[in-house]
file input-v2.tsv (TSV, C-alpha atoms)
chain	number	residue	atom	x	y	z
A	1141	MET	CA	147.01	116.16	170.83
A	1142	ARG	CA	150.67	116.62	171.75
A	1143	PHE	CA	151.68	115.54	168.26
A	1144	PHE	CA	149.45	118.14	166.65
A	1145	SER	CA	150.70	120.84	168.98
A	1146	LEU	CA	154.29	120.02	168.11
A	1147	LEU	CA	153.52	120.13	164.41
A	1148	LEU	CA	151.76	123.45	164.66
A	1149	LEU	CA	154.50	124.93	166.82
A	1150	GLY	CA	157.17	123.75	164.40
A	1151	GLY	CA	155.31	125.21	161.47
A	1152	SER	CA	154.64	128.52	163.10
A	1153	LEU	CA	158.33	129.09	163.72
A	1154	VAL	CA	159.09	128.89	160.03
A	1155	MET	CA	156.09	130.22	158.17
A	1156	PRO	CA	152.67	131.62	159.00
A	1157	VAL	CA	149.88	129.09	158.69
A	1158	HIS	CA	147.89	129.69	155.52
A	1159	ALA	CA	145.28	127.08	154.74
A	1160	ALA	CA	144.64	128.64	151.33
A	1161	ASP	CA	148.31	128.31	150.42
A	1162	ALA	CA	148.18	124.66	151.42
A	1163	GLN	CA	145.14	124.09	149.22
A	1164	ASN	CA	146.95	125.78	146.34
A	1165	TRP	CA	149.89	123.47	146.79
A	1166	LEU	CA	147.58	120.44	146.74
A	1167	ASN	CA	146.05	121.70	143.50
A	1168	ARG	CA	149.54	122.16	142.06
A	1169	LEU	CA	150.38	118.61	143.13
A	1170	LEU	CA	147.39	117.22	141.25
A	1171	LYS	CA	148.42	119.04	138.09
A	1172	ALA	CA	152.08	118.08	138.44
A	1173	GLU	CA	151.30	114.36	138.75
A	1174	LYS	CA	149.43	114.53	135.45
A	1175	GLN	CA	151.62	116.96	133.53
A	1176	GLN	CA	155.19	116.58	134.76
A	1177	SER	CA	157.56	113.97	133.36
A	1178	PHE	CA	160.33	112.82	135.64
A	1179	GLN	CA	162.67	110.01	136.58
A	1180	GLY	CA	164.32	109.23	139.86
A	1181	THR	CA	164.82	106.85	142.73
A	1182	PHE	CA	162.93	106.64	146.01
A	1183	VAL	CA	162.99	104.65	149.23
A	1184	TYR	CA	160.04	103.04	150.96
A	1185	GLU	CA	160.12	102.10	154.63
A	1186	ARG	CA	157.61	100.52	156.96
A	1187	ASN	CA	157.78	98.26	159.96
A	1188	GLY	CA	161.47	97.46	159.59
A	1189	SER	CA	161.17	96.87	155.83
A	1190	PHE	CA	163.29	99.14	153.67
A	1191	SER	CA	163.48	99.07	149.88
A	1192	THR	CA	164.73	101.23	147.03
A	1193	HIS	CA	162.95	101.79	143.73
A	1194	ALA	CA	163.47	103.49	140.38
A	1195	ILE	CA	160.68	105.32	138.60
A	1196	TRP	CA	160.33	106.68	135.07
A	1197	HIS	CA	157.20	108.74	134.43
A	1198	GLN	CA	156.26	110.15	131.03
A	1199	ALA	CA	153.34	112.55	131.18
A	1200	GLY	CA	150.91	112.43	128.30
A	1201	GLN	CA	147.93	114.37	127.09
A	1202	ASP	CA	144.44	113.39	128.27
A	1203	GLY	CA	145.80	111.21	131.04
A	1204	GLY	CA	147.85	109.10	128.65
A	1205	SER	CA	150.84	108.89	130.96
A	1206	ARG	CA	153.26	105.99	130.89
A	1207	GLU	CA	155.12	104.91	134.01
A	1208	ARG	CA	157.59	102.19	134.88
A	1209	LEU	CA	158.55	101.28	138.45
A	1210	LEU	CA	161.33	98.88	139.36
A	1211	LYS	CA	162.39	97.64	142.80
A	1212	LEU	CA	166.18	97.89	142.94
A	1213	ASP	CA	167.05	95.63	145.86
A	1214	GLY	CA	166.23	91.99	146.42
A	1215	ALA	CA	164.22	90.21	143.77
A	1216	PRO	CA	163.27	92.68	141.03
A	1217	VAL	CA	159.66	93.75	141.22
A	1218	GLU	CA	158.37	95.76	138.31
A	1219	VAL	CA	155.17	97.31	137.05
A	1220	VAL	CA	154.31	99.35	133.97
A	1221	ARG	CA	151.22	101.55	134.03
A	1222	VAL	CA	149.69	103.30	131.05
A	1223	GLY	CA	147.09	105.96	131.72
A	1224	GLY	CA	147.16	104.89	135.35
A	1225	ARG	CA	146.14	101.33	134.43
A	1226	LEU	CA	148.41	98.39	135.15
A	1227	GLN	CA	149.76	96.84	131.94
A	1228	CYS	CA	152.16	94.32	133.37
A	1229	GLY	CA	153.64	93.30	136.69
A	1230	SER	CA	156.18	90.89	138.05
A	1231	ASN	CA	155.53	88.14	140.56
A	1232	ALA	CA	152.20	88.36	142.38
A	1233	LEU	CA	151.63	91.95	141.31
A	1234	ALA	CA	150.19	90.62	138.07
A	1235	ASP	CA	147.91	88.14	139.85
A	1236	GLN	CA	144.61	88.41	141.61
A	1237	LEU	CA	143.15	91.13	139.44
A	1238	PHE	CA	139.50	90.60	138.88
A	1239	GLU	CA	137.40	91.34	135.84
A	1240	GLY	CA	136.22	94.90	135.86
A	1241	GLU	CA	139.13	96.14	137.93
A	1242	PRO	CA	140.63	98.56	138.37
A	1243	TRP	CA	137.63	100.42	139.60
A	1244	PRO	CA	137.34	103.92	138.17
A	1245	PRO	CA	139.80	106.20	139.93
A	1246	ARG	CA	138.43	109.12	141.91
A	1247	PRO	CA	140.84	112.03	141.71
A	1248	LEU	CA	141.86	113.70	144.92
A	1249	ASP	CA	139.52	116.57	145.70
A	1250	PRO	CA	141.24	119.10	147.98
A	1251	GLN	CA	137.95	120.82	148.79
A	1252	LYS	CA	136.27	117.61	149.92
A	1253	LEU	CA	139.42	116.53	151.68
A	1254	ALA	CA	139.25	119.66	153.83
A	1255	SER	CA	136.11	118.26	155.45
A	1256	TRP	CA	138.03	115.34	156.94
A	1257	TYR	CA	141.56	116.71	157.18
A	1258	GLU	CA	143.10	120.02	158.13
A	1259	VAL	CA	145.73	120.92	155.55
A	1260	ARG	CA	148.40	123.34	156.72
A	1261	MET	CA	151.68	124.75	155.56
A	1262	ALA	CA	154.30	123.58	158.03
A	1263	GLY	CA	157.54	125.01	156.72
A	1264	GLU	CA	160.31	124.28	154.30
A	1265	SER	CA	162.70	121.40	153.84
A	1266	ARG	CA	165.20	119.91	151.44
A	1267	VAL	CA	164.73	116.46	149.94
A	1268	ALA	CA	166.83	114.75	147.28
A	1269	GLY	CA	168.85	117.94	146.95
A	1270	ARG	CA	165.73	119.96	146.07
A	1271	ALA	CA	163.97	122.73	147.94
A	1272	ALA	CA	160.60	121.60	149.27
A	1273	VAL	CA	157.56	122.97	151.08
A	1274	VAL	CA	156.06	120.94	153.92
A	1275	LEU	CA	152.33	120.36	154.29
A	1276	THR	CA	150.73	118.64	157.24
A	1277	ILE	CA	147.45	116.87	156.60
A	1278	LEU	CA	145.92	116.32	160.00
A	1279	PRO	CA	142.76	114.28	160.57
A	1280	ARG	CA	139.81	116.15	162.06
A	1281	ASP	CA	138.79	113.01	163.95
A	1282	GLN	CA	140.35	109.88	165.43
A	1283	TYR	CA	139.23	107.59	162.63
A	1284	ARG	CA	142.15	108.14	160.22
A	1285	TYR	CA	145.87	108.86	160.21
A	1286	GLY	CA	147.72	112.10	159.54
A	1287	PHE	CA	150.28	112.76	156.84
A	1288	GLU	CA	153.29	114.93	156.29
A	1289	LEU	CA	153.91	115.83	152.68
A	1290	HIS	CA	157.02	117.48	151.24
A	1291	LEU	CA	156.40	118.94	147.78
A	1292	ASP	CA	159.08	120.00	145.34
A	1293	ARG	CA	159.09	123.80	145.35
A	1294	GLU	CA	159.81	123.92	141.62
A	1295	THR	CA	157.34	121.34	140.27
A	1296	ALA	CA	155.03	120.47	143.24
A	1297	LEU	CA	155.81	116.77	142.79
A	1298	PRO	CA	155.74	114.83	146.08
A	1299	LEU	CA	159.30	114.32	147.28
A	1300	LYS	CA	158.51	112.82	150.64
A	1301	PHE	CA	155.46	111.36	152.37
A	1302	LEU	CA	155.20	110.31	155.99
A	1303	LEU	CA	152.23	108.48	157.48
A	1304	LEU	CA	151.84	109.16	161.18
A	1305	ASN	CA	149.64	107.62	163.80
A	1306	GLU	CA	147.68	109.52	166.45
A	1307	LYS	CA	150.77	109.66	168.67
A	1308	GLY	CA	152.90	111.12	165.91
A	1309	GLN	CA	154.79	107.87	165.45
A	1310	LEU	CA	156.06	107.16	161.97
A	1311	LEU	CA	154.25	104.26	160.31
A	1312	GLU	CA	155.49	104.62	156.77
A	1313	ARG	CA	157.93	106.66	154.69
A	1314	PHE	CA	158.08	107.28	150.97
A	1315	GLN	CA	160.99	109.53	149.99
A	1316	PHE	CA	162.83	110.41	146.82
A	1317	THR	CA	166.61	110.28	146.94
A	1318	ARG	CA	167.00	111.55	143.37
A	1319	LEU	CA	164.53	113.34	141.13
A	1320	ASP	CA	165.27	114.54	137.61
A	1321	THR	CA	162.58	116.62	135.92
A	1322	SER	CA	164.71	118.05	133.12
A	1323	THR	CA	166.13	115.05	131.22
A	1324	THR	CA	164.02	113.65	128.39
A	1325	LEU	CA	163.18	110.02	129.06
A	1326	ALA	CA	164.59	107.45	126.65
A	1327	LYS	CA	162.00	105.15	125.10
A	1328	ASP	CA	163.67	101.98	126.35
A	1329	GLU	CA	163.57	103.23	129.94
A	1330	LEU	CA	159.79	103.00	129.81
A	1331	GLU	CA	159.76	99.51	128.32
A	1332	PRO	CA	159.03	96.59	130.68
A	1333	GLY	CA	161.71	94.06	131.51
A	1334	PRO	CA	161.35	90.32	130.83
A	1335	SER	CA	159.91	89.59	134.27
A	1336	CYS	CA	156.97	91.95	133.76
A	1337	ARG	CA	153.98	89.72	132.87
A	1338	PRO	CA	150.71	90.95	131.41
A	1339	VAL	CA	148.12	91.15	134.16
A	1340	GLU	CA	146.00	88.07	134.66
A	1341	ILE	CA	142.31	88.90	134.67
A	1342	LEU	CA	140.25	86.56	136.82
A	1343	GLN	CA	136.49	86.22	136.72
A	1344	ALA	CA	134.64	88.01	139.47
A	1345	ALA	CA	130.93	87.85	140.13
A	1346	GLU	CA	128.57	90.63	140.99
A	1347	PRO	CA	127.42	90.16	144.56
A	1348	GLU	CA	123.73	90.28	145.23
A	1349	PRO	CA	122.62	93.91	145.42
A	1350	GLY	CA	123.10	95.16	148.93
A	1351	ALA	CA	124.44	91.79	150.01
A	1352	TRP	CA	126.60	93.44	152.63
A	1353	ARG	CA	126.78	96.94	154.02
A	1354	SER	CA	128.39	98.83	156.85
A	1355	GLU	CA	126.05	100.34	159.41
A	1356	TRP	CA	128.81	102.75	160.37
A	1357	LEU	CA	131.59	104.34	158.38
A	1358	PRO	CA	134.05	107.05	159.39
A	1359	PRO	CA	132.85	110.38	157.96
A	1360	GLY	CA	133.97	110.86	154.35
A	1361	PHE	CA	134.56	107.20	153.53
A	1362	THR	CA	132.48	105.87	150.64
A	1363	LEU	CA	132.20	102.53	148.91
A	1364	ARG	CA	134.62	102.45	145.95
A	1365	GLY	CA	133.93	98.96	144.69
A	1366	MET	CA	132.47	95.58	145.58
A	1367	HIS	CA	132.52	92.09	144.09
A	1368	ALA	CA	132.30	88.41	144.91
A	1369	GLN	CA	135.35	86.21	144.39
A	1370	PRO	CA	136.42	82.67	145.16
A	1371	SER	CA	138.65	82.21	148.20
A	1372	PRO	CA	142.11	81.06	147.08
A	1373	VAL	CA	142.25	78.97	150.26
A	1374	SER	CA	138.82	77.34	150.59
A	1375	GLY	CA	137.08	78.04	147.29
A	1376	GLU	CA	134.18	79.57	149.22
A	1377	THR	CA	132.70	82.76	147.79
A	1378	ILE	CA	134.10	85.85	149.49
A	1379	THR	CA	132.42	89.24	149.35
A	1380	TYR	CA	135.02	91.97	148.85
A	1381	LEU	CA	134.36	95.68	149.43
A	1382	MET	CA	136.73	98.64	149.26
A	1383	TYR	CA	136.19	102.05	150.82
A	1384	GLY	CA	138.16	105.30	150.70
A	1385	ASP	CA	138.07	108.93	151.82
A	1386	GLY	CA	140.28	110.30	149.06
A	1387	LEU	CA	143.52	109.52	150.91
A	1388	ALA	CA	143.04	106.48	153.13
A	1389	ARG	CA	141.57	103.16	152.02
A	1390	PHE	CA	140.38	99.98	153.62
A	1391	SER	CA	139.12	96.66	152.31
A	1392	VAL	CA	136.52	94.34	153.83
A	1393	PHE	CA	136.55	90.59	153.19
A	1394	ILE	CA	133.58	88.46	154.28
A	1395	GLU	CA	134.07	84.70	154.15
A	1396	PRO	CA	131.75	81.89	155.31
A	1397	LEU	CA	133.29	79.84	158.12
A	1398	GLN	CA	131.43	76.61	157.27
A	1399	GLY	CA	131.48	75.50	160.86
A	1400	ALA	CA	135.17	76.21	161.43
A	1401	LEU	CA	136.00	77.28	164.98
A	1402	VAL	CA	137.99	80.45	164.46
A	1403	GLU	CA	138.65	83.20	166.96
A	1404	ASP	CA	138.78	86.92	166.30
A	1405	ALA	CA	142.20	88.29	165.39
A	1406	ARG	CA	144.00	91.55	164.83
A	1407	SER	CA	147.46	92.48	163.62
A	1408	GLN	CA	149.37	95.42	162.23
A	1409	LEU	CA	152.05	95.58	159.55
A	1410	GLY	CA	153.48	99.08	159.42
A	1411	PRO	CA	150.66	101.34	158.26
A	1412	THR	CA	148.26	98.49	157.53
A	1413	VAL	CA	145.98	97.01	160.15
A	1414	ALA	CA	143.97	93.77	159.93
A	1415	VAL	CA	141.00	93.01	162.18
A	1416	SER	CA	138.89	89.84	161.94
A	1417	LYS	CA	135.54	89.49	163.72
A	1418	ARG	CA	133.29	86.45	163.74
A	1419	MET	CA	129.66	87.22	162.90
A	1420	SER	CA	126.50	85.12	162.97
A	1421	THR	CA	124.10	85.53	160.05
A	1422	ALA	CA	121.04	83.72	158.71
A	1423	ASP	CA	123.38	81.97	156.27
A	1424	GLY	CA	125.70	80.77	158.99
A	1425	ASP	CA	128.76	82.19	160.71
A	1426	MET	CA	130.99	84.52	158.72
A	1427	MET	CA	134.41	86.01	159.35
A	1428	VAL	CA	134.55	89.74	158.60
A	1429	THR	CA	138.10	90.98	158.03
A	1430	VAL	CA	138.92	94.68	157.67
A	1431	ILE	CA	142.33	95.58	156.23
A	1432	GLY	CA	143.54	99.11	155.62
A	1433	GLU	CA	145.70	102.08	156.46
A	1434	ILE	CA	143.45	103.20	159.31
A	1435	PRO	CA	143.74	103.09	163.10
A	1436	LEU	CA	143.04	99.80	164.84
A	1437	GLY	CA	140.01	101.20	166.66
A	1438	THR	CA	138.47	102.37	163.39
A	1439	ALA	CA	138.93	98.94	161.82
A	1440	GLU	CA	137.39	97.25	164.87
A	1441	ARG	CA	134.33	99.48	164.74
A	1442	ILE	CA	133.88	98.95	161.00
A	1443	ALA	CA	134.18	95.17	161.36
A	1444	LEU	CA	131.53	95.16	164.08
A	1445	SER	CA	129.20	97.30	161.97
A	1446	MET	CA	129.06	95.06	158.89
A	1447	ARG	CA	125.57	93.71	158.18
A	1448	ALA	CA	124.04	91.54	155.51
A	1449	GLY	CA	121.32	93.10	153.36
A	1450	GLU	CA	119.89	96.51	152.39
A	1451	ALA	CA	121.63	99.58	151.07
A	1452	GLN	CA	125.00	101.02	152.00
A	1453	ALA	CA	124.83	103.98	154.34
A	1454	ASP	CA	127.63	106.20	153.02
A	1455	ARG	CA	128.56	109.08	155.25
B	247	MET	CA	161.54	102.99	170.41
B	248	PRO	CA	158.62	105.10	169.19
B	249	VAL	CA	159.53	108.59	168.08
B	250	LEU	CA	157.57	111.73	167.50
B	251	ALA	CA	157.59	112.53	163.83
B	252	GLY	CA	157.90	116.01	162.47
B	253	TYR	CA	159.66	117.49	159.55
B	254	THR	CA	162.88	117.76	161.49
B	255	GLU	CA	165.32	115.08	160.38
B	256	GLY	CA	165.98	113.83	163.88
B	257	ALA	CA	162.40	112.75	164.31
B	258	GLU	CA	162.31	110.46	161.28
B	259	GLN	CA	162.85	106.93	162.34
B	260	SER	CA	161.12	103.71	161.56
B	261	GLN	CA	158.76	102.41	164.16
B	262	GLU	CA	158.25	98.71	164.42
B	263	SER	CA	154.69	97.97	165.30
B	264	VAL	CA	153.29	94.52	165.39
B	265	ALA	CA	150.32	93.95	167.63
B	266	LYS	CA	148.54	90.67	167.95
B	267	GLU	CA	145.62	89.52	169.98
B	268	ALA	CA	146.60	87.40	172.94
B	269	GLY	CA	147.10	83.84	171.85
B	270	LYS	CA	148.37	82.47	168.59
B	271	GLU	CA	146.69	83.21	165.31
B	272	SER	CA	144.80	80.24	164.10
B	273	GLU	CA	145.76	78.38	160.98
B	274	TRP	CA	142.62	79.81	159.40
B	275	HIS	CA	143.98	83.34	159.80
B	276	GLU	CA	147.54	82.41	158.90
B	277	LYS	CA	146.36	81.16	155.52
B	278	ARG	CA	144.04	84.01	154.70
B	279	LEU	CA	145.43	87.24	156.16
B	280	PRO	CA	148.49	87.36	153.86
B	281	VAL	CA	146.22	86.77	150.86
B	282	TYR	CA	143.78	89.47	151.95
B	283	LEU	CA	146.62	91.89	152.72
B	284	ARG	CA	148.18	91.35	149.32
B	285	GLN	CA	144.87	91.87	147.56
B	286	HIS	CA	144.22	95.07	149.50
B	287	VAL	CA	147.54	96.67	148.57
B	288	GLN	CA	147.40	95.39	145.00
B	289	GLN	CA	143.94	96.80	144.52
B	290	SER	CA	145.20	100.16	145.74
B	291	ALA	CA	148.24	99.94	143.47
B	292	VAL	CA	146.26	99.27	140.29
B	293	SER	CA	143.20	101.39	140.85
B	294	GLY	CA	144.45	104.31	138.86
B	295	ALA	CA	146.15	106.26	141.64
B	296	GLU	CA	148.83	108.55	140.19
B	297	SER	CA	151.02	108.13	143.25
B	298	ALA	CA	153.73	105.48	143.35
B	299	LEU	CA	153.07	104.90	147.05
B	300	PRO	CA	150.53	102.05	146.65
B	301	TYR	CA	152.97	100.31	144.30
B	302	ALA	CA	155.73	100.64	146.90
B	303	ARG	CA	153.45	99.13	149.53
B	304	ALA	CA	152.64	96.21	147.25
B	305	ALA	CA	156.26	95.69	146.25
B	306	SER	CA	157.32	95.63	149.89
B	307	LEU	CA	155.14	92.56	150.41
B	308	GLU	CA	156.91	90.58	147.71
B	309	ASN	CA	159.15	87.78	148.95
B	310	ARG	CA	157.36	87.76	152.27
call {"tool": "encode", "arguments": {"input": "input-v2.tsv", "output": "structure tokens"}}
result
Amino acid sequence: MRFFSLLLLGGSLVMPVHAADAQNWLNRLLKAEKQQSFQGTFVYERNGSFSTHAIWHQAGQDGGSRERLLKLDGAPVEVVRVGGRLQCGSNALADQLFEGEPWPPRPLDPQKLASWYEVRMAGESRVAGRAAVVLTILPRDQYRYGFELHLDRETALPLKFLLLNEKGQLLERFQFTRLDTSTTLAKDELEPGPSCRPVEILQAAEPEPGAWRSEWLPPGFTLRGMHAQPSPVSGETITYLMYGDGLARFSVFIEPLQGALVEDARSQLGPTVAVSKRMSTADGDMMVTVIGEIPLGTAERIALSMRAGEAQADR
Amino acid sequence: MPVLAGYTEGAEQSQESVAKEAGKESEWHEKRLPVYLRQHVQQSAVSGAESALPYARAASLENR
């Protein structure tokens, strides 16, 4: 609670708290991401990893945007997205996509979001040489993380995003260092480089209806997609499920152990936690692994709540 | 050293956080967790989100 108190105190010194204003800024953000063309560079930081990236984004009518992202340090990593769909990617980014993916996107809904997060104006800042407004998006429960969002005052584009744990510790940073919204993008800047390979579509199978479900989910999380896929390690069929609440996501992988003696495990890489729990079923022992940008305790509870059979109980 | 994050510049520092269950991860986990992790972030990156954040997460796993 100390973290929240500090945030609220900091915000109140600069600007009165107006939830409606915060909602308006979120609505402006949604429009800006669809309608505003821009180019710039940003940094991404998590768990001691720091990288710089360039982005060119050409807005288009009816969601027909075109976007190119290029990692600028280390080995070049690149993706090109058209209409939000991945067209090509370098290295492993083009691999492991399964038929039918990507699952239909669900746009951010600020009204629904307000059920699970408290969105507040927290003040003003300056990022990449641009004036920004600061929004705090605080979870209403202990099952998800909080965010700090700095939006460009002129365009409402996100200039900076911080993911914070329940103690207010920084887990992840996304921050523009340069943003240009006025220069017309050159056509060749949106063209993929030679390392950008067309995505490889792999065959995925429909799992049996209701093959797996979670007996408990954090409020607001719903099933976004589910399929069966071969394990790249053992060849066994894995059931894969993905859940989201509009901001946070987690994946569940369920793999038969085939008699292997494997202990439970848990680890954390920056914002992403991984929890594996062994489970006995009528079909033999399975390992349930939950991976996502959620607190460790949430992932543990989800892993323990996975059951085979019957319908999903969305909250 | 964990820090409290706020929108003041002084509070923005990276926090290293790696927690593991007592004992070494088994070979079973060592082979699978990186694959699962990569699929999770890639799925987020390609699932139509307008934000570049999921891409950045996925790109940060390259060369690991």
call {"tool": "residues_around", "arguments": {"input": "input-v2.tsv", "residues": "region 1432-1442 of chain A", "least_positions_apart": "2", "cutoff": "8 Å", "atoms": "all atoms listed in the file", "output": "list in words"}}
result
Gln1282, Tyr1283, Arg1284, Tyr1285, Asn1305, Ser1354, Trp1356, Leu1357, Pro1358, Ala1388, Arg1389, Phe1390, Ser1391, Pro1411, Thr1412, Val1413, Ala1414, Val1415, Val1430, Leu1444, Ser1445 and Met1446 of chain A; His286 of chain B
call {"tool": "interface_residues", "arguments": {"input": "input-v2.tsv", "of": "chain A", "to": "chain B", "cutoff": "6 Å", "atoms": "all atoms listed in the file", "output": "PyMOL selection string"}}
result
chain A and resi 1187-1188+1224-1226+1242-1243+1245+1308-1310+1405-1408
call {"tool": "atom_distance", "arguments": {"input": "input-v2.tsv", "atom1": "CA of Asp1161 (chain A)", "atom2": "CA of Glu1294 (chain A)"}}
result
15.1 Å
call {"tool": "atom_distance", "arguments": {"input": "input-v2.tsv", "atom1": "CA of Asp1423 (chain A)", "atom2": "CA of Gly1365 (chain A)"}}
result
23.1 Å
call {"tool": "atom_distance", "arguments": {"input": "input-v2.tsv", "atom1": "CA of Thr1295 (chain A)", "atom2": "CA of Asp1213 (chain A)"}}
result
28.0 Å
call {"tool": "residues_near_point", "arguments": {"input": "input-v2.tsv", "point": "(151.8, 125.5, 155.2)", "cutoff": "7 Å", "atoms": "only C-alpha atoms", "output": "list in words"}}
result
Val1157, His1158, Ala1159, Asp1161, Ala1162, Arg1260, Met1261, Ala1262, Gly1263, Val1274 and Leu1275 of chain A
call {"tool": "residues_near_point", "arguments": {"input": "input-v2.tsv", "point": "(160.1, 97.4, 139.6)", "cutoff": "9 Å", "atoms": "all atoms listed in the file", "output": "ChimeraX atom specification"}}
result
/A:1193-1195,1208-1212,1216-1220,1229-1230,1333,1336 /B:305
call {"tool": "residues_around", "arguments": {"input": "input-v2.tsv", "residues": "Thr1321 (chain A)", "least_positions_apart": "3", "cutoff": "10 Å", "atoms": "all atoms listed in the file", "output": "ChimeraX atom specification"}}
result
/A:1176-1180,1197,1294-1295,1297,1324-1325
call {"tool": "write_last_selection", "arguments": {"input": "input-v2.tsv", "atoms": "C-alpha atoms", "output": "compact mmCIF listing (two decimals), in the frame of the given file"}}
result
# COMPACT_ATOMS: atom_id res chain seq x y z
CA GLN A 1176 155.19 116.58 134.76
CA SER A 1177 157.56 113.97 133.36
CA PHE A 1178 160.33 112.82 135.64
CA GLN A 1179 162.67 110.01 136.58
CA GLY A 1180 164.32 109.23 139.86
CA HIS A 1197 157.20 108.74 134.43
CA GLU A 1294 159.81 123.92 141.62
CA THR A 1295 157.34 121.34 140.27
CA LEU A 1297 155.81 116.77 142.79
CA THR A 1324 164.02 113.65 128.39
CA LEU A 1325 163.18 110.02 129.06
call {"tool": "closest_residue", "arguments": {"input": "input-v2.tsv", "among": "A:Gln1198, A:Gln1251, A:Thr1181, A:Gln1175", "to": "Glu1329 (chain A)", "atoms": "all atoms listed in the file"}}
result
A:Gln1198
call {"tool": "closest_residue", "arguments": {"input": "input-v2.tsv", "among": "A:Leu1248, A:Ala1296, A:Leu1278, A:Val1267", "to": "Ala1172 (chain A)", "atoms": "all atoms listed in the file"}}
result
A:Ala1296
call {"tool": "axis_aligned_box", "arguments": {"input": "input-v2.tsv", "around": "region 1279-1287 of chain A", "padding_each_side": "4 Å", "output": "JSON"}}
result
{"center_x": 144.5, "center_y": 111.9, "center_z": 161.1, "size_x": 19.5, "size_y": 16.6, "size_z": 16.6}
call {"tool": "closest_residue", "arguments": {"input": "input-v2.tsv", "among": "A:Asp1281, A:Glu1288, A:Glu1395, A:Glu1312", "to": "Gly1360 (chain A)", "atoms": "all atoms listed in the file"}}
result
A:Asp1281
